[in-house]
$ cat query32.pdb   # PDB, C-alpha atoms
ATOM      1  CA  MET A 975     121.263 118.139 121.749
ATOM      2  CA  LYS A 976     118.243 117.250 119.616
ATOM      3  CA  LYS A 977     118.289 118.309 115.985
ATOM      4  CA  ASN A 978     115.388 120.340 114.559
ATOM      5  CA  ILE A 979     113.569 118.658 111.677
ATOM      6  CA  ALA A 980     111.161 120.578 109.418
ATOM      7  CA  ILE A 981     108.501 118.515 107.648
ATOM      8  CA  VAL A 982     107.904 120.720 104.614
ATOM      9  CA  ALA A 983     104.355 120.261 103.313
ATOM     10  CA  GLY A 984     101.675 121.969 101.228
ATOM     11  CA  GLY A 985     102.883 123.238  97.887
ATOM     12  CA  ASP A 986     101.224 124.907  94.922
ATOM     13  CA  SER A 987      99.582 121.986  93.140
ATOM     14  CA  SER A 988      96.235 120.214  93.399
ATOM     15  CA  GLU A 989      97.945 117.744  95.754
ATOM     16  CA  TYR A 990      98.125 120.294  98.615
ATOM     17  CA  VAL A 991      95.640 118.489 100.892
ATOM     18  CA  ILE A 992      97.264 115.097 100.278
ATOM     19  CA  SER A 993     100.608 116.589 101.288
ATOM     20  CA  LEU A 994      99.116 117.833 104.566
ATOM     21  CA  ASN A 995      97.820 114.319 105.310
ATOM     22  CA  SER A 996     101.295 112.913 104.654
ATOM     23  CA  ALA A 997     102.933 115.504 106.912
ATOM     24  CA  GLU A 998     100.519 114.793 109.748
ATOM     25  CA  GLN A 999     101.358 111.087 109.621
ATOM     26  CA  ILE A1000     105.115 111.600 109.265
ATOM     27  CA  ALA A1001     105.101 113.820 112.368
ATOM     28  CA  LYS A1002     103.781 110.813 114.316
ATOM     29  CA  TRP A1003     106.459 108.483 112.951
ATOM     30  CA  ILE A1004     109.583 110.597 113.499
ATOM     31  CA  ASP A1005     111.629 109.655 116.567
ATOM     32  CA  LYS A1006     110.880 112.405 119.120
ATOM     33  CA  GLU A1007     113.705 111.211 121.335
ATOM     34  CA  LYS A1008     116.201 112.122 118.617
ATOM     35  CA  TYR A1009     114.533 115.081 116.913
ATOM     36  CA  ASN A1010     112.408 118.157 117.553
ATOM     37  CA  VAL A1011     109.710 117.992 114.900
ATOM     38  CA  TYR A1012     108.055 121.003 113.249
ATOM     39  CA  THR A1013     105.775 121.265 110.238
ATOM     40  CA  VAL A1014     106.339 124.045 107.707
ATOM     41  CA  LEU A1015     103.289 124.705 105.535
ATOM     42  CA  ALA A1016     104.443 126.302 102.298
ATOM     43  CA  LYS A1017     101.924 127.709  99.831
ATOM     44  CA  GLY A1018     103.034 130.390  97.414
ATOM     45  CA  THR A1019     105.001 132.951  99.392
ATOM     46  CA  GLU A1020     103.192 132.230 102.670
ATOM     47  CA  TRP A1021     105.202 129.814 104.798
ATOM     48  CA  ILE A1022     104.191 129.108 108.378
ATOM     49  CA  VAL A1023     105.610 126.917 111.154
ATOM     50  CA  LYS A1024     103.680 124.807 113.606
ATOM     51  CA  ASN A1025     104.118 121.919 116.019
ATOM     52  CA  ASP A1026     102.679 120.839 119.386
ATOM     53  CA  MET A1027     104.270 123.848 121.096
ATOM     54  CA  VAL A1028     103.984 126.602 118.470
ATOM     55  CA  CYS A1029     101.239 127.444 116.019
ATOM     56  CA  ASP A1030     101.139 129.502 112.830
ATOM     57  CA  LEU A1031     104.371 131.447 113.163
ATOM     58  CA  ILE A1032     105.722 133.183 110.061
ATOM     59  CA  LEU A1033     108.795 131.476 108.667
ATOM     60  CA  ASN A1034     111.704 133.670 107.592
ATOM     61  CA  LYS A1035     112.537 132.408 104.080
ATOM     62  CA  ASP A1036     115.864 134.297 104.061
ATOM     63  CA  ASP A1037     117.425 131.624 106.269
ATOM     64  CA  PHE A1038     114.571 129.130 106.875
ATOM     65  CA  SER A1039     114.079 130.090 110.530
ATOM     66  CA  PHE A1040     111.419 131.428 112.882
ATOM     67  CA  SER A1041     111.422 133.504 116.044
ATOM     68  CA  LEU A1042     109.381 133.096 119.222
ATOM     69  CA  ASN A1043     109.789 135.403 122.231
ATOM     70  CA  ASN A1044     112.829 136.967 120.554
ATOM     71  CA  GLN A1045     114.485 133.565 120.305
ATOM     72  CA  LYS A1046     115.482 132.404 116.853
ATOM     73  CA  THR A1047     115.125 128.739 115.840
ATOM     74  CA  THR A1048     116.865 127.291 112.771
ATOM     75  CA  PHE A1049     116.462 123.858 111.192
ATOM     76  CA  ASP A1050     119.051 121.125 110.799
ATOM     77  CA  CYS A1051     117.214 119.162 108.105
ATOM     78  CA  ALA A1052     114.200 119.509 105.808
ATOM     79  CA  LEU A1053     111.994 116.469 105.280
ATOM     80  CA  ILE A1054     110.228 117.373 102.041
ATOM     81  CA  THR A1055     106.754 115.888 101.644
ATOM     82  CA  ILE A1056     105.283 118.240  99.061
ATOM     83  CA  HIS A1057     103.693 116.216  96.252
ATOM     84  CA  GLY A1058     104.008 118.240  93.072
ATOM     85  CA  THR A1059     105.544 121.706  92.740
ATOM     86  CA  PRO A1060     107.704 123.061  94.371
ATOM     87  CA  GLY A1061     108.698 120.008  96.426
ATOM     88  CA  GLU A1062     108.916 117.283  93.787
ATOM     89  CA  ASP A1063     110.215 119.216  90.788
ATOM     90  CA  GLY A1064     113.543 120.442  92.206
ATOM     91  CA  LYS A1065     112.581 124.003  93.149
ATOM     92  CA  MET A1066     112.499 123.411  96.906
ATOM     93  CA  GLN A1067     115.706 121.405  96.669
ATOM     94  CA  GLY A1068     117.429 124.352  94.974
ATOM     95  CA  TYR A1069     116.278 126.626  97.792
ATOM     96  CA  PHE A1070     117.756 124.331 100.447
ATOM     97  CA  ASP A1071     120.975 123.883  98.460
ATOM     98  CA  THR A1072     121.370 127.668  98.437
ATOM     99  CA  LEU A1073     120.983 127.777 102.229
ATOM    100  CA  HIS A1074     123.208 124.689 102.753
ATOM    101  CA  ILE A1075     120.449 122.843 104.610
ATOM    102  CA  PRO A1076     120.304 119.030 104.284
ATOM    103  CA  TYR A1077     117.096 117.552 102.835
ATOM    104  CA  THR A1078     115.691 114.047 102.504
ATOM    105  CA  THR A1079     114.775 113.791  98.822
ATOM    106  CA  SER A1080     116.615 113.540  95.520
ATOM    107  CA  ASN A1081     118.636 116.544  94.354
ATOM    108  CA  VAL A1082     117.553 119.338  92.000
ATOM    109  CA  LEU A1083     118.458 117.588  88.742
ATOM    110  CA  ALA A1084     117.036 114.151  89.598
ATOM    111  CA  SER A1085     113.826 115.711  90.952
ATOM    112  CA  ALA A1086     113.339 117.905  87.886
ATOM    113  CA  ILE A1087     113.917 115.081  85.392
ATOM    114  CA  THR A1088     111.721 112.493  87.121
ATOM    115  CA  PHE A1089     108.898 114.982  87.751
ATOM    116  CA  ASN A1090     108.674 115.573  84.007
ATOM    117  CA  LYS A1091     107.158 112.390  82.545
ATOM    118  CA  VAL A1092     108.534 113.085  79.054
ATOM    119  CA  PHE A1093     112.060 113.869  80.273
ATOM    120  CA  SER A1094     112.141 110.765  82.463
ATOM    121  CA  LYS A1095     110.992 108.466  79.646
ATOM    122  CA  ASN A1096     113.462 109.954  77.170
ATOM    123  CA  TYR A1097     116.232 109.673  79.769
ATOM    124  CA  LEU A1098     115.545 105.921  80.143
ATOM    125  CA  LYS A1099     115.436 105.117  76.416
ATOM    126  CA  PRO A1100     119.166 104.218  76.109
ATOM    127  CA  PHE A1101     118.769 101.668  78.928
ATOM    128  CA  ASP A1102     116.262  99.517  76.997
ATOM    129  CA  ILE A1103     113.601  99.739  79.690
ATOM    130  CA  PRO A1104     110.163  99.049  78.131
ATOM    131  CA  LEU A1105     108.021 102.200  77.757
ATOM    132  CA  ALA A1106     104.492 102.809  76.503
ATOM    133  CA  ARG A1107     104.330 104.628  73.145
ATOM    134  CA  PHE A1108     103.633 108.324  73.699
ATOM    135  CA  ILE A1109     103.348 111.756  72.129
ATOM    136  CA  THR A1110     103.491 115.198  73.775
ATOM    137  CA  LEU A1111     101.728 118.491  73.147
ATOM    138  CA  LYS A1112     102.307 121.992  74.480
ATOM    139  CA  LYS A1113      99.483 124.458  75.051
ATOM    140  CA  GLY A1114      98.837 126.223  71.744
ATOM    141  CA  ASP A1115     100.073 123.328  69.588
ATOM    142  CA  PRO A1116      97.673 122.163  66.865
ATOM    143  CA  ILE A1117      95.855 118.959  67.820
ATOM    144  CA  ASP A1118      95.930 116.345  65.073
ATOM    145  CA  ALA A1119      93.758 113.538  66.426
ATOM    146  CA  GLU A1120      94.584 111.198  63.543
ATOM    147  CA  GLN A1121      98.333 111.567  64.069
ATOM    148  CA  ILE A1122      98.007 111.067  67.846
ATOM    149  CA  ILE A1123      95.933 107.905  67.474
ATOM    150  CA  GLU A1124      98.341 106.569  64.857
ATOM    151  CA  ILE A1125     101.063 106.621  67.538
ATOM    152  CA  THR A1126      99.124 105.705  70.687
ATOM    153  CA  GLY A1127      96.097 103.831  69.391
ATOM    154  CA  LEU A1128      92.806 103.748  71.279
ATOM    155  CA  PRO A1129      92.134 103.640  74.124
ATOM    156  CA  CYS A1130      94.888 106.014  75.270
ATOM    157  CA  PHE A1131      95.660 108.064  78.369
ATOM    158  CA  VAL A1132      95.908 111.846  78.339
ATOM    159  CA  LYS A1133      97.876 113.235  81.320
ATOM    160  CA  PRO A1134      99.496 116.478  82.463
ATOM    161  CA  ASN A1135     103.212 116.051  81.821
ATOM    162  CA  CYS A1136     104.089 117.334  85.291
ATOM    163  CA  GLY A1137     101.592 116.323  87.953
ATOM    164  CA  GLY A1138     100.446 113.581  90.268
ATOM    165  CA  SER A1139      97.563 111.917  92.080
ATOM    166  CA  SER A1140      95.881 111.411  88.680
ATOM    167  CA  PHE A1141      94.693 115.033  88.542
ATOM    168  CA  GLY A1142      93.819 115.943  84.953
ATOM    169  CA  VAL A1143      94.081 112.342  83.682
ATOM    170  CA  THR A1144      91.547 110.875  81.232
ATOM    171  CA  LYS A1145      91.264 107.496  79.591
ATOM    172  CA  VAL A1146      90.118 108.224  76.036
ATOM    173  CA  LYS A1147      88.263 105.559  74.047
ATOM    174  CA  GLU A1148      86.908 107.640  71.157
ATOM    175  CA  LYS A1149      88.687 110.073  68.861
ATOM    176  CA  GLU A1150      85.981 112.697  69.477
ATOM    177  CA  LYS A1151      86.817 112.779  73.219
ATOM    178  CA  LEU A1152      90.495 113.524  72.673
ATOM    179  CA  PHE A1153      90.176 117.324  72.455
ATOM    180  CA  GLU A1154      88.167 117.514  75.687
ATOM    181  CA  ALA A1155      90.700 115.307  77.512
ATOM    182  CA  ILE A1156      93.626 117.436  76.342
ATOM    183  CA  GLU A1157      91.929 120.647  77.528
ATOM    184  CA  PHE A1158      91.235 118.949  80.884
ATOM    185  CA  ALA A1159      94.930 118.045  81.254
ATOM    186  CA  TYR A1160      95.967 121.607  80.351
ATOM    187  CA  LYS A1161      94.219 122.796  83.536
ATOM    188  CA  GLU A1162      97.045 121.111  85.485
ATOM    189  CA  ASP A1163     100.025 121.790  83.210
ATOM    190  CA  ASN A1164     100.990 123.581  79.984
ATOM    191  CA  GLU A1165     102.252 120.340  78.489
ATOM    192  CA  VAL A1166     100.409 117.034  78.125
ATOM    193  CA  ILE A1167     101.571 113.502  77.434
ATOM    194  CA  ILE A1168      99.347 111.081  75.530
ATOM    195  CA  GLU A1169     100.233 107.416  76.096
ATOM    196  CA  GLU A1170      99.055 104.136  74.645
ATOM    197  CA  PHE A1171      96.808 102.108  76.945
ATOM    198  CA  LEU A1172      98.522  98.939  78.131
ATOM    199  CA  GLU A1173      96.189  96.139  79.152
ATOM    200  CA  GLY A1174      97.661  94.547  82.238
ATOM    201  CA  THR A1175      98.343  94.706  85.969
ATOM    202  CA  GLU A1176      99.244  97.967  87.686
ATOM    203  CA  LEU A1177     102.207  97.504  90.022
ATOM    204  CA  THR A1178     104.264  99.847  92.166
ATOM    205  CA  CYS A1179     107.449  99.309  94.136
ATOM    206  CA  GLY A1180     108.937 101.487  96.859
ATOM    207  CA  LEU A1181     112.568 101.559  97.928
ATOM    208  CA  VAL A1182     115.185 103.544  99.792
ATOM    209  CA  LYS A1183     118.962 103.556  99.499
ATOM    210  CA  THR A1184     121.510 105.049 101.866
ATOM    211  CA  LYS A1185     125.303 105.003 101.856
ATOM    212  CA  ASP A1186     125.381 101.466 103.248
ATOM    213  CA  LYS A1187     121.841 100.081 102.892
ATOM    214  CA  THR A1188     119.467  99.198 100.084
ATOM    215  CA  ILE A1189     115.909  98.347 101.110
ATOM    216  CA  VAL A1190     113.567  97.410  98.257
ATOM    217  CA  PHE A1191     110.028  96.917  99.529
ATOM    218  CA  PRO A1192     107.634  94.215  98.308
ATOM    219  CA  PRO A1193     105.671  95.455  95.266
ATOM    220  CA  THR A1194     101.984  96.330  95.487
ATOM    221  CA  GLU A1195      99.295  95.337  93.001
ATOM    222  CA  ILE A1196      96.622  97.987  92.447
ATOM    223  CA  VAL A1197      93.117  96.948  91.469
ATOM    224  CA  SER A1198      90.881  99.948  90.828
ATOM    225  CA  LYS A1199      87.093  99.730  90.914
ATOM    226  CA  ASN A1200      87.051 102.635  88.481
ATOM    227  CA  GLU A1201      88.271 102.423  84.898
ATOM    228  CA  PHE A1202      91.795 103.231  86.085
ATOM    229  CA  PHE A1203      93.566 104.255  89.300
ATOM    230  CA  ASP A1204      92.200 107.819  89.246
ATOM    231  CA  TYR A1205      91.960 110.347  92.087
ATOM    232  CA  GLU A1206      88.712 108.867  93.411
ATOM    233  CA  ALA A1207      90.126 105.340  93.378
ATOM    234  CA  LYS A1208      93.317 106.493  95.120
ATOM    235  CA  TYR A1209      91.741 108.450  97.942
ATOM    236  CA  THR A1210      88.206 107.084  98.456
ATOM    237  CA  LYS A1211      87.963 104.133 100.793
ATOM    238  CA  GLY A1212      86.729 101.009  99.056
ATOM    239  CA  MET A1213      87.313 102.304  95.521
ATOM    240  CA  SER A1214      90.534 100.361  95.030
ATOM    241  CA  GLU A1215      92.294  97.316  96.351
ATOM    242  CA  GLU A1216      95.996  97.603  97.103
ATOM    243  CA  ILE A1217      97.443  94.120  97.507
ATOM    244  CA  THR A1218     100.861  93.831  99.162
ATOM    245  CA  PRO A1219     102.758  91.707  98.308
ATOM    246  CA  ALA A1220     101.466  91.722  94.733
ATOM    247  CA  ARG A1221      99.939  88.537  93.322
ATOM    248  CA  ILE A1222     102.789  87.894  90.931
ATOM    249  CA  SER A1223     105.395  85.145  90.634
ATOM    250  CA  LYS A1224     108.589  85.145  92.697
ATOM    251  CA  GLU A1225     110.510  85.677  89.462
ATOM    252  CA  MET A1226     108.452  88.744  88.538
ATOM    253  CA  THR A1227     108.765  90.089  92.108
ATOM    254  CA  THR A1228     112.540  89.790  91.823
ATOM    255  CA  GLU A1229     112.446  91.432  88.388
ATOM    256  CA  ILE A1230     110.408  94.469  89.509
ATOM    257  CA  GLN A1231     112.610  94.939  92.575
ATOM    258  CA  HIS A1232     115.780  94.677  90.478
ATOM    259  CA  LEU A1233     114.408  97.086  87.860
ATOM    260  CA  SER A1234     113.363  99.565  90.581
ATOM    261  CA  SER A1235     116.868  99.474  92.036
ATOM    262  CA  GLN A1236     118.308 100.013  88.539
ATOM    263  CA  VAL A1237     116.010 102.994  87.837
ATOM    264  CA  TYR A1238     116.897 104.481  91.254
ATOM    265  CA  ASP A1239     120.594 104.347  90.314
ATOM    266  CA  ILE A1240     120.114 105.583  86.733
ATOM    267  CA  PHE A1241     118.417 108.762  87.975
ATOM    268  CA  GLN A1242     120.776 108.979  91.017
ATOM    269  CA  LEU A1243     117.817 109.272  93.369
ATOM    270  CA  ASN A1244     117.845 109.720  97.140
ATOM    271  CA  GLY A1245     115.389 109.122  99.964
ATOM    272  CA  ILE A1246     112.168 107.122  99.789
ATOM    273  CA  VAL A1247     110.961 106.642  96.219
ATOM    274  CA  ARG A1248     108.086 104.745  94.602
ATOM    275  CA  ILE A1249     108.179 103.586  90.989
ATOM    276  CA  ASP A1250     105.049 102.681  89.003
ATOM    277  CA  TYR A1251     104.738 100.018  86.299
ATOM    278  CA  ILE A1252     102.256  98.177  84.111
ATOM    279  CA  LEU A1253     102.806  94.442  83.725
ATOM    280  CA  SER A1254     101.525  93.753  80.209
ATOM    281  CA  ARG A1255     102.166  90.701  78.006
ATOM    282  CA  ASN A1256     104.534  89.428  80.710
ATOM    283  CA  LYS A1257     106.690  92.539  80.330
ATOM    284  CA  LEU A1258     107.222  95.344  82.876
ATOM    285  CA  TYR A1259     106.606  98.803  81.412
ATOM    286  CA  PHE A1260     107.988 101.788  83.334
ATOM    287  CA  MET A1261     105.359 104.479  83.953
ATOM    288  CA  GLU A1262     106.769 107.068  86.356
ATOM    289  CA  VAL A1263     108.850 107.844  89.445
ATOM    290  CA  ASN A1264     107.405 109.404  92.601
ATOM    291  CA  THR A1265     110.248 111.096  94.506
ATOM    292  CA  ALA A1266     107.914 112.315  97.270
ATOM    293  CA  PRO A1267     105.369 109.489  97.516
ATOM    294  CA  GLY A1268     102.271 109.726  99.703
ATOM    295  CA  MET A1269     102.852 108.995 103.382
ATOM    296  CA  SER A1270      99.387 109.021 104.913
ATOM    297  CA  ALA A1271      98.436 105.997 107.031
ATOM    298  CA  ALA A1272      96.670 104.472 103.998
ATOM    299  CA  SER A1273      99.445 105.217 101.489
ATOM    300  CA  ILE A1274     101.200 102.485  99.562
ATOM    301  CA  VAL A1275     104.776 102.829 100.864
ATOM    302  CA  PRO A1276     103.765 102.422 104.549
ATOM    303  CA  GLN A1277     101.814  99.308 103.511
ATOM    304  CA  GLN A1278     104.923  97.916 101.807
ATOM    305  CA  VAL A1279     107.136  98.702 104.800
ATOM    306  CA  ALA A1280     104.680  96.938 107.143
ATOM    307  CA  ALA A1281     104.508  93.900 104.819
ATOM    308  CA  MET A1282     108.294  93.675 105.047
ATOM    309  CA  GLY A1283     108.106  93.585 108.855
ATOM    310  CA  LEU A1284     109.771  96.999 109.224
ATOM    311  CA  ASN A1285     108.436 100.213 110.738
ATOM    312  CA  MET A1286     108.271 103.755 109.383
ATOM    313  CA  LYS A1287     110.048 105.245 112.404
ATOM    314  CA  ASP A1288     113.209 103.304 111.559
ATOM    315  CA  ILE A1289     112.896 104.105 107.851
ATOM    316  CA  PHE A1290     112.695 107.843 108.555
ATOM    317  CA  ASN A1291     115.640 107.606 110.967
ATOM    318  CA  LEU A1292     117.637 106.106 108.088
ATOM    319  CA  VAL A1293     116.525 108.769 105.617
ATOM    320  CA  ILE A1294     117.265 111.706 107.935
ATOM    321  CA  GLU A1295     120.692 110.384 108.942
ATOM    322  CA  ASP A1296     121.511 109.770 105.269
ATOM    323  CA  ALA A1297     120.535 113.370 104.443
ATOM    324  CA  PHE A1298     123.087 114.568 107.029
ATOM    325  CA  TYR A1299     125.716 112.196 105.629
ATOM    326  CA  ARG A1300     125.190 113.316 102.011
ATOM    327  CA  HIS A1301     125.264 116.968 103.050
ATOM    328  CA  ASN A1302     128.535 116.532 104.932
ATOM    329  CA  HIS A1303     130.220 114.597 102.097
ATOM    330  CA  LYS A1304     129.423 116.823  99.122
TER     331      LYS A1304
END

$ encode --input "query32.pdb" --output "structure tokens"
Amino acid sequence: MKKNIAIVAGGDSSEYVISLNSAEQIAKWIDKEKYNVYTVLAKGTEWIVKNDMVCDLILNKDDFSFSLNNQKTTFDCALITIHGTPGEDGKMQGYFDTLHIPYTTSNVLASAITFNKVFSKNYLKPFDIPLARFITLKKGDPIDAEQIIEITGLPCFVKPNCGGSSFGVTKVKEKEKLFEAIEFAYKEDNEVIIEEFLEGTELTCGLVKTKDKTIVFPPTEIVSKNEFFDYEAKYTKGMSEEITPARISKEMTTEIQHLSSQVYDIFQLNGIVRIDYILSRNKLYFMEVNTAPGMSAASIVPQQVAAMGLNMKDIFNLVIEDAFYRHNHK
């Protein structure tokens, strides 16, 4: 009997639309011979179910089910593709843990730590992984521009501490622009992180590990036509070049893949993950972990999988089966 898979998409962040694009593509990749595929759109307290056969049915959040013609349907596994809250910060994972439903991403703790840029950087400090210098502020804290610049220098990046897709991010070149950039970041989160600007090459590496397989994809080099890889560069055709495999040496390729595998294990991650770096002064600086990376047709991980000669259908088969395995061996 086919298992029912729920692609959980939407969420409560600015990345809502991007999540829907990912879900639409994932639905095409999942093996329909093995699974019945549904999409659950979750926004706030309104959760609806849809697929080719059903459309806009209310989901019962008490047990993650829906009813059609007095027949109840439950789900065997949740494939979480919400970028941002509540799918990438551990909240959705906690919900599924409570209901004892397997899911395809990292657990509550790993999701919460990696979603918080400050927590993730502090967590990595004992492992001697190079990090950009940074300082954090919470909404309401006094802003001392001199002190900030003493730590980060100029230019620097101002970012929401918890967020993605470069929403609320500003590259600041002048002290006078710092206040405006911080207020802009506060629109996305109540805490901001201000990082030194590292001159170098932006690289990102995807990977997935299961109980008996480790697949580290070839890294991608990102060349933005804007000042940095902002929202426009990420999602507007022609505004960035994503080169896979990256134009780096074999030694550096091996190093970024090894480091990505190490970071995956340090945080005890699960599922498909993408880790971002800056290669500066011949040193790899860790930037952040994406535990629910974009999965639209143009997204980076599918490009990396294709460059490796693999296909997304097989990758998602692996991830779903591993979710069942982990659930059954807790």

$ atom_distance --input "query32.pdb" --atom1 "atom CA of A:His1057" --atom2 "atom CA of A:Ser988"
8.9 Å

$ residues_around --input "query32.pdb" --residues "A:Asn1256" --least-positions-apart "5" --cutoff "10 Å" --atoms "all atoms listed in the file" --output "PyMOL selection string"
chain A and resi 1174-1175+1226

$ resolve_selection --input "query32.pdb" --expression "the PyMOL selection byres ((chain A and resi 1259-1266) around 9)" --output "PyMOL selection string"
chain A and resi 1054-1058+1061-1063+1079-1080+1084-1085+1088-1089+1091+1094-1095+1103-1106+1138+1172+1237-1238+1243-1254+1257-1258+1267-1269

$ write_last_selection --input "query32.pdb" --atoms "C-alpha atoms" --output "short mmCIF file (atom, residue, chain, number, x, y, z; two decimals), in the frame of the given file"
data_model
loop_
_atom_site.label_atom_id
_atom_site.label_comp_id
_atom_site.auth_asym_id
_atom_site.auth_seq_id
_atom_site.Cartn_x
_atom_site.Cartn_y
_atom_site.Cartn_z
CA ILE A 1054 110.23 117.37 102.04
CA THR A 1055 106.75 115.89 101.64
CA ILE A 1056 105.28 118.24 99.06
CA HIS A 1057 103.69 116.22 96.25
CA GLY A 1058 104.01 118.24 93.07
CA GLY A 1061 108.70 120.01 96.43
CA GLU A 1062 108.92 117.28 93.79
CA ASP A 1063 110.22 119.22 90.79
CA THR A 1079 114.78 113.79 98.82
CA SER A 1080 116.62 113.54 95.52
CA ALA A 1084 117.04 114.15 89.60
CA SER A 1085 113.83 115.71 90.95
CA THR A 1088 111.72 112.49 87.12
CA PHE A 1089 108.90 114.98 87.75
CA LYS A 1091 107.16 112.39 82.54
CA SER A 1094 112.14 110.76 82.46
CA LYS A 1095 110.99 108.47 79.65
CA ILE A 1103 113.60 99.74 79.69
CA PRO A 1104 110.16 99.05 78.13
CA LEU A 1105 108.02 102.20 77.76
CA ALA A 1106 104.49 102.81 76.50
CA GLY A 1138 100.45 113.58 90.27
CA LEU A 1172 98.52 98.94 78.13
CA VAL A 1237 116.01 102.99 87.84
CA TYR A 1238 116.90 104.48 91.25
CA LEU A 1243 117.82 109.27 93.37
CA ASN A 1244 117.84 109.72 97.14
CA GLY A 1245 115.39 109.12 99.96
CA ILE A 1246 112.17 107.12 99.79
CA VAL A 1247 110.96 106.64 96.22
CA ARG A 1248 108.09 104.74 94.60
CA ILE A 1249 108.18 103.59 90.99
CA ASP A 1250 105.05 102.68 89.00
CA TYR A 1251 104.74 100.02 86.30
CA ILE A 1252 102.26 98.18 84.11
CA LEU A 1253 102.81 94.44 83.72
CA SER A 1254 101.52 93.75 80.21
CA LYS A 1257 106.69 92.54 80.33
CA LEU A 1258 107.22 95.34 82.88
CA PRO A 1267 105.37 109.49 97.52
CA GLY A 1268 102.27 109.73 99.70
CA MET A 1269 102.85 109.00 103.38
#

$ resolve_selection --input "query32.pdb" --expression "the PyMOL selection byres ((chain A and resi 1108-1124) around 7)" --output "list in words"
Ala1106, Arg1107, Ile1125, Thr1126, Gly1127, Leu1128, Lys1149, Tyr1160, Asn1164, Glu1165, Val1166, Ile1167, Ile1168, Glu1169 and Glu1170 of chain A

$ resolve_selection --input "query32.pdb" --expression "the PyMOL selection byres ((chain A and resi 1031) around 10)" --output "PyMOL selection string"
chain A and resi 1014+1021-1025+1028-1030+1032-1034+1040-1042

$ closest_residue --input "query32.pdb" --among "A:Asp1102, A:Asp1296, A:Asp1239, A:Asp1163" --to "A:Gly1142" --atoms "only C-alpha atoms"
A:Asp1163

$ atom_distance --input "query32.pdb" --atom1 "atom CA of A:Val1182" --atom2 "atom CA of A:Thr1228"
16.1 Å

$ atom_distance --input "query32.pdb" --atom1 "atom CA of A:Asp1050" --atom2 "atom CA of A:Leu1083"
22.3 Å

$ closest_residue --input "query32.pdb" --among "A:Gln1277, A:Glu1162, A:Tyr1077, A:Pro1129" --to "A:Glu1148" --atoms "only C-alpha atoms"
A:Pro1129

$ closest_residue --input "query32.pdb" --among "A:Ser987, A:His1232, A:Thr1227, A:Asp1026" --to "A:Lys1002" --atoms "only C-alpha atoms"
A:Asp1026

$ build_atoms --input "query32.pdb" --residues "stretch 1234-1247 of chain A" --atoms "N, CA and C atoms" --output "short mmCIF file (atom, residue, chain, number, x, y, z; two decimals), in the frame of the given file"
data_model
loop_
_atom_site.label_atom_id
_atom_site.label_comp_id
_atom_site.auth_asym_id
_atom_site.auth_seq_id
_atom_site.Cartn_x
_atom_site.Cartn_y
_atom_site.Cartn_z
N SER A 1234 113.54 98.36 89.76
CA SER A 1234 113.36 99.56 90.58
C SER A 1234 114.71 100.06 91.12
N SER A 1235 115.53 99.12 91.55
CA SER A 1235 116.87 99.47 92.04
C SER A 1235 117.71 100.07 90.91
N GLN A 1236 117.57 99.51 89.71
CA GLN A 1236 118.31 100.01 88.54
C GLN A 1236 117.86 101.44 88.19
N VAL A 1237 116.54 101.66 88.16
CA VAL A 1237 116.01 102.99 87.84
C VAL A 1237 116.46 104.01 88.89
N TYR A 1238 116.44 103.62 90.15
CA TYR A 1238 116.90 104.48 91.25
C TYR A 1238 118.33 104.95 90.99
N ASP A 1239 119.18 104.02 90.57
CA ASP A 1239 120.59 104.35 90.31
C ASP A 1239 120.78 105.16 89.04
N ILE A 1240 119.99 104.84 88.00
CA ILE A 1240 120.11 105.58 86.73
C ILE A 1240 119.83 107.07 86.96
N PHE A 1241 118.78 107.36 87.72
CA PHE A 1241 118.42 108.76 87.98
C PHE A 1241 119.20 109.37 89.15
N GLN A 1242 120.01 108.55 89.84
CA GLN A 1242 120.78 108.98 91.02
C GLN A 1242 119.85 109.60 92.06
N LEU A 1243 118.83 108.81 92.43
CA LEU A 1243 117.82 109.27 93.37
C LEU A 1243 118.30 109.15 94.81
N ASN A 1244 117.59 109.82 95.71
CA ASN A 1244 117.84 109.72 97.14
C ASN A 1244 116.52 109.64 97.89
N GLY A 1245 116.58 109.16 99.13
CA GLY A 1245 115.39 109.12 99.96
C GLY A 1245 114.43 108.01 99.57
N ILE A 1246 113.21 108.12 100.07
CA ILE A 1246 112.17 107.12 99.79
C ILE A 1246 111.53 107.45 98.45
N VAL A 1247 111.48 106.46 97.58
CA VAL A 1247 110.96 106.64 96.22
C VAL A 1247 109.98 105.51 95.92
#
